[in-house]
$ cat final-v2.pdb   # PDB, C-alpha atoms, pLDDT in the B column
ATOM      1  CA  MET A   1     156.378  63.994  86.748  1.00 52.00           C
ATOM      2  CA  HIS A   2     153.072  62.314  87.537  1.00 71.00           C
ATOM      3  CA  VAL A   3     150.097  64.494  88.331  1.00 91.00           C
ATOM      4  CA  VAL A   4     149.321  62.380  91.418  1.00 97.00           C
ATOM      5  CA  GLU A   5     151.745  60.690  93.784  1.00 98.00           C
ATOM      6  CA  ILE A   6     150.467  58.451  96.549  1.00 98.00           C
ATOM      7  CA  TYR A   7     152.534  56.986  99.386  1.00 98.00           C
ATOM      8  CA  SER A   8     150.894  53.750 100.469  1.00 98.00           C
ATOM      9  CA  LYS A   9     151.194  50.410 102.202  1.00 98.00           C
ATOM     10  CA  THR A  10     150.094  47.167 100.577  1.00 97.00           C
ATOM     11  CA  THR A  11     147.685  46.156 103.349  1.00 97.00           C
ATOM     12  CA  CYS A  12     146.129  49.592 103.971  1.00 98.00           C
ATOM     13  CA  PRO A  13     142.374  49.746 103.228  1.00 98.00           C
ATOM     14  CA  PHE A  14     142.455  53.553 103.118  1.00 98.00           C
ATOM     15  CA  CYS A  15     145.146  53.333 100.447  1.00 98.00           C
ATOM     16  CA  TRP A  16     142.980  50.924  98.445  1.00 98.00           C
ATOM     17  CA  ARG A  17     140.023  53.297  98.723  1.00 98.00           C
ATOM     18  CA  ALA A  18     142.034  56.328  97.569  1.00 98.00           C
ATOM     19  CA  LYS A  19     143.581  54.405  94.669  1.00 98.00           C
ATOM     20  CA  HIS A  20     140.156  53.099  93.657  1.00 98.00           C
ATOM     21  CA  LEU A  21     138.754  56.635  93.506  1.00 97.00           C
ATOM     22  CA  LEU A  22     141.686  57.846  91.419  1.00 97.00           C
ATOM     23  CA  SER A  23     141.489  54.832  89.094  1.00 96.00           C
ATOM     24  CA  SER A  24     137.735  55.252  88.649  1.00 95.00           C
ATOM     25  CA  LYS A  25     138.427  58.784  87.416  1.00 94.00           C
ATOM     26  CA  GLY A  26     141.066  57.512  84.974  1.00 93.00           C
ATOM     27  CA  VAL A  27     143.863  59.223  86.887  1.00 94.00           C
ATOM     28  CA  ASP A  28     147.361  57.884  86.262  1.00 92.00           C
ATOM     29  CA  PHE A  29     149.105  57.980  89.634  1.00 97.00           C
ATOM     30  CA  HIS A  30     152.575  57.099  90.825  1.00 97.00           C
ATOM     31  CA  GLU A  31     152.449  54.816  93.859  1.00 98.00           C
ATOM     32  CA  ILE A  32     155.315  54.824  96.329  1.00 98.00           C
ATOM     33  CA  VAL A  33     155.000  51.752  98.558  1.00 98.00           C
ATOM     34  CA  ILE A  34     156.529  52.213 102.005  1.00 98.00           C
ATOM     35  CA  ASP A  35     155.726  48.834 103.570  1.00 97.00           C
ATOM     36  CA  PHE A  36     159.155  48.526 105.120  1.00 95.00           C
ATOM     37  CA  GLY A  37     159.840  52.156 106.021  1.00 95.00           C
ATOM     38  CA  GLY A  38     163.233  53.459 105.033  1.00 96.00           C
ATOM     39  CA  PRO A  39     164.192  56.572 103.092  1.00 97.00           C
ATOM     40  CA  LYS A  40     160.924  56.785 101.126  1.00 97.00           C
ATOM     41  CA  ARG A  41     158.920  56.816 104.378  1.00 97.00           C
ATOM     42  CA  ASP A  42     161.180  59.568 105.711  1.00 98.00           C
ATOM     43  CA  GLU A  43     160.652  61.467 102.460  1.00 98.00           C
ATOM     44  CA  MET A  44     156.876  61.124 102.841  1.00 98.00           C
ATOM     45  CA  ILE A  45     156.922  62.412 106.419  1.00 98.00           C
ATOM     46  CA  GLN A  46     158.994  65.417 105.390  1.00 98.00           C
ATOM     47  CA  ARG A  47     156.810  66.220 102.370  1.00 98.00           C
ATOM     48  CA  ALA A  48     153.602  65.687 104.373  1.00 98.00           C
ATOM     49  CA  ASN A  49     154.611  68.111 107.138  1.00 97.00           C
ATOM     50  CA  GLY A  50     155.153  65.392 109.726  1.00 98.00           C
ATOM     51  CA  ARG A  51     152.162  63.193 108.936  1.00 97.00           C
ATOM     52  CA  THR A  52     153.075  59.533 109.353  1.00 97.00           C
ATOM     53  CA  THR A  53     149.892  57.735 108.270  1.00 97.00           C
ATOM     54  CA  VAL A  54     149.162  56.392 104.809  1.00 98.00           C
ATOM     55  CA  PRO A  55     148.072  57.204 102.285  1.00 98.00           C
ATOM     56  CA  GLN A  56     149.637  60.605 101.792  1.00 98.00           C
ATOM     57  CA  ILE A  57     148.590  62.102  98.479  1.00 98.00           C
ATOM     58  CA  PHE A  58     150.177  64.826  96.384  1.00 98.00           C
ATOM     59  CA  ILE A  59     148.613  66.450  93.337  1.00 97.00           C
ATOM     60  CA  HIS A  60     150.980  68.440  91.122  1.00 95.00           C
ATOM     61  CA  GLY A  61     153.484  68.261  93.987  1.00 95.00           C
ATOM     62  CA  THR A  62     151.080  69.828  96.498  1.00 96.00           C
ATOM     63  CA  HIS A  63     150.142  67.812  99.559  1.00 98.00           C
ATOM     64  CA  VAL A  64     146.373  67.274  99.712  1.00 98.00           C
ATOM     65  CA  GLY A  65     146.383  64.895 102.692  1.00 98.00           C
ATOM     66  CA  GLY A  66     145.146  61.375 103.153  1.00 98.00           C
ATOM     67  CA  CYS A  67     142.197  59.308 102.003  1.00 98.00           C
ATOM     68  CA  ASP A  68     139.588  61.279 103.965  1.00 98.00           C
ATOM     69  CA  ASP A  69     140.949  64.532 102.541  1.00 98.00           C
ATOM     70  CA  LEU A  70     140.823  63.139  98.999  1.00 98.00           C
ATOM     71  CA  MET A  71     137.228  61.962  99.504  1.00 98.00           C
ATOM     72  CA  ALA A  72     136.261  65.373 100.922  1.00 98.00           C
ATOM     73  CA  LEU A  73     137.681  67.079  97.818  1.00 98.00           C
ATOM     74  CA  GLU A  74     135.627  64.717  95.650  1.00 97.00           C
ATOM     75  CA  ARG A  75     132.425  65.327  97.639  1.00 98.00           C
ATOM     76  CA  ALA A  76     132.962  69.096  97.441  1.00 98.00           C
ATOM     77  CA  GLY A  77     133.434  68.871  93.663  1.00 97.00           C
ATOM     78  CA  ARG A  78     136.969  70.273  93.888  1.00 97.00           C
ATOM     79  CA  LEU A  79     139.037  67.217  92.934  1.00 96.00           C
ATOM     80  CA  GLU A  80     138.596  67.533  89.155  1.00 94.00           C
ATOM     81  CA  ALA A  81     139.886  71.121  89.156  1.00 94.00           C
ATOM     82  CA  LEU A  82     143.017  70.100  91.078  1.00 94.00           C
ATOM     83  CA  LEU A  83     143.728  67.236  88.706  1.00 93.00           C
ATOM     84  CA  VAL A  84     143.623  69.404  85.575  1.00 89.00           C
ATOM     85  CA  ALA A  85     145.328  72.473  87.037  1.00 72.00           C
TER      86      ALA A  85
END

$ encode --input "final-v2.pdb" --output "structure tokens"
Amino acid sequence: MHVVEIYSKTTCPFCWRAKHLLSSKGVDFHEIVIDFGGPKRDEMIQRANGRTTVPQIFIHGTHVGGCDDLMALERAGRLEALLVA
């Protein structure tokens, strides 16, 4: 299991931003592209407690939210601790 899973769409700038932050930290993430909807999109909505926007990010299987939530964790200095937990 990957430490970080990110549901994304190819053309989503918020997805690019979140992936850039993770990559800049050397984080190996598993990207689940949901450009065309389908079962993976339904899975994301269920796992993200009804949230339908992308990205939706999970760290160690725990939903942390979208891009803004990920950036807030980084600004607060809490992202590193979640990644190594």

$ resolve_selection --input "final-v2.pdb" --expression "the PyMOL selection byres ((chain A and resi 70-85) around 12)" --output "PDB file with C-alpha atoms, in the frame of the given file"
ATOM      1  CA  HIS A   2     153.072  62.314  87.537  1.00 71.00           C
ATOM      2  CA  VAL A   3     150.097  64.494  88.331  1.00 91.00           C
ATOM      3  CA  VAL A   4     149.321  62.380  91.418  1.00 97.00           C
ATOM      4  CA  GLU A   5     151.745  60.690  93.784  1.00 98.00           C
ATOM      5  CA  ILE A   6     150.467  58.451  96.549  1.00 98.00           C
ATOM      6  CA  PHE A  14     142.455  53.553 103.118  1.00 98.00           C
ATOM      7  CA  CYS A  15     145.146  53.333 100.447  1.00 98.00           C
ATOM      8  CA  ARG A  17     140.023  53.297  98.723  1.00 98.00           C
ATOM      9  CA  ALA A  18     142.034  56.328  97.569  1.00 98.00           C
ATOM     10  CA  LYS A  19     143.581  54.405  94.669  1.00 98.00           C
ATOM     11  CA  HIS A  20     140.156  53.099  93.657  1.00 98.00           C
ATOM     12  CA  LEU A  21     138.754  56.635  93.506  1.00 97.00           C
ATOM     13  CA  LEU A  22     141.686  57.846  91.419  1.00 97.00           C
ATOM     14  CA  SER A  24     137.735  55.252  88.649  1.00 95.00           C
ATOM     15  CA  LYS A  25     138.427  58.784  87.416  1.00 94.00           C
ATOM     16  CA  GLY A  26     141.066  57.512  84.974  1.00 93.00           C
ATOM     17  CA  VAL A  27     143.863  59.223  86.887  1.00 94.00           C
ATOM     18  CA  ASP A  28     147.361  57.884  86.262  1.00 92.00           C
ATOM     19  CA  PHE A  29     149.105  57.980  89.634  1.00 97.00           C
ATOM     20  CA  PRO A  55     148.072  57.204 102.285  1.00 98.00           C
ATOM     21  CA  GLN A  56     149.637  60.605 101.792  1.00 98.00           C
ATOM     22  CA  ILE A  57     148.590  62.102  98.479  1.00 98.00           C
ATOM     23  CA  PHE A  58     150.177  64.826  96.384  1.00 98.00           C
ATOM     24  CA  ILE A  59     148.613  66.450  93.337  1.00 97.00           C
ATOM     25  CA  HIS A  60     150.980  68.440  91.122  1.00 95.00           C
ATOM     26  CA  GLY A  61     153.484  68.261  93.987  1.00 95.00           C
ATOM     27  CA  THR A  62     151.080  69.828  96.498  1.00 96.00           C
ATOM     28  CA  HIS A  63     150.142  67.812  99.559  1.00 98.00           C
ATOM     29  CA  VAL A  64     146.373  67.274  99.712  1.00 98.00           C
ATOM     30  CA  GLY A  65     146.383  64.895 102.692  1.00 98.00           C
ATOM     31  CA  GLY A  66     145.146  61.375 103.153  1.00 98.00           C
ATOM     32  CA  CYS A  67     142.197  59.308 102.003  1.00 98.00           C
ATOM     33  CA  ASP A  68     139.588  61.279 103.965  1.00 98.00           C
ATOM     34  CA  ASP A  69     140.949  64.532 102.541  1.00 98.00           C
TER      35      ASP A  69
END

$ atom_distance --input "final-v2.pdb" --atom1 "atom CA of Tyr7 of chain A" --atom2 "atom CA of Ile32 of chain A"
4.7 Å

$ atom_distance --input "final-v2.pdb" --atom1 "atom CA of Arg51 of chain A" --atom2 "atom CA of His30 of chain A"
19.1 Å

$ atom_distance --input "final-v2.pdb" --atom1 "atom CA of Thr11 of chain A" --atom2 "atom CA of Asn49 of chain A"
23.3 Å

$ axis_aligned_box --input "final-v2.pdb" --around "segment 5-14 of chain A" --padding-each-side "8 Å" --output "AutoDock Vina command-line options"
--center_x 147.5 --center_y 53.4 --center_z 98.9 --size_x 26.2 --size_y 30.5 --size_z 26.2
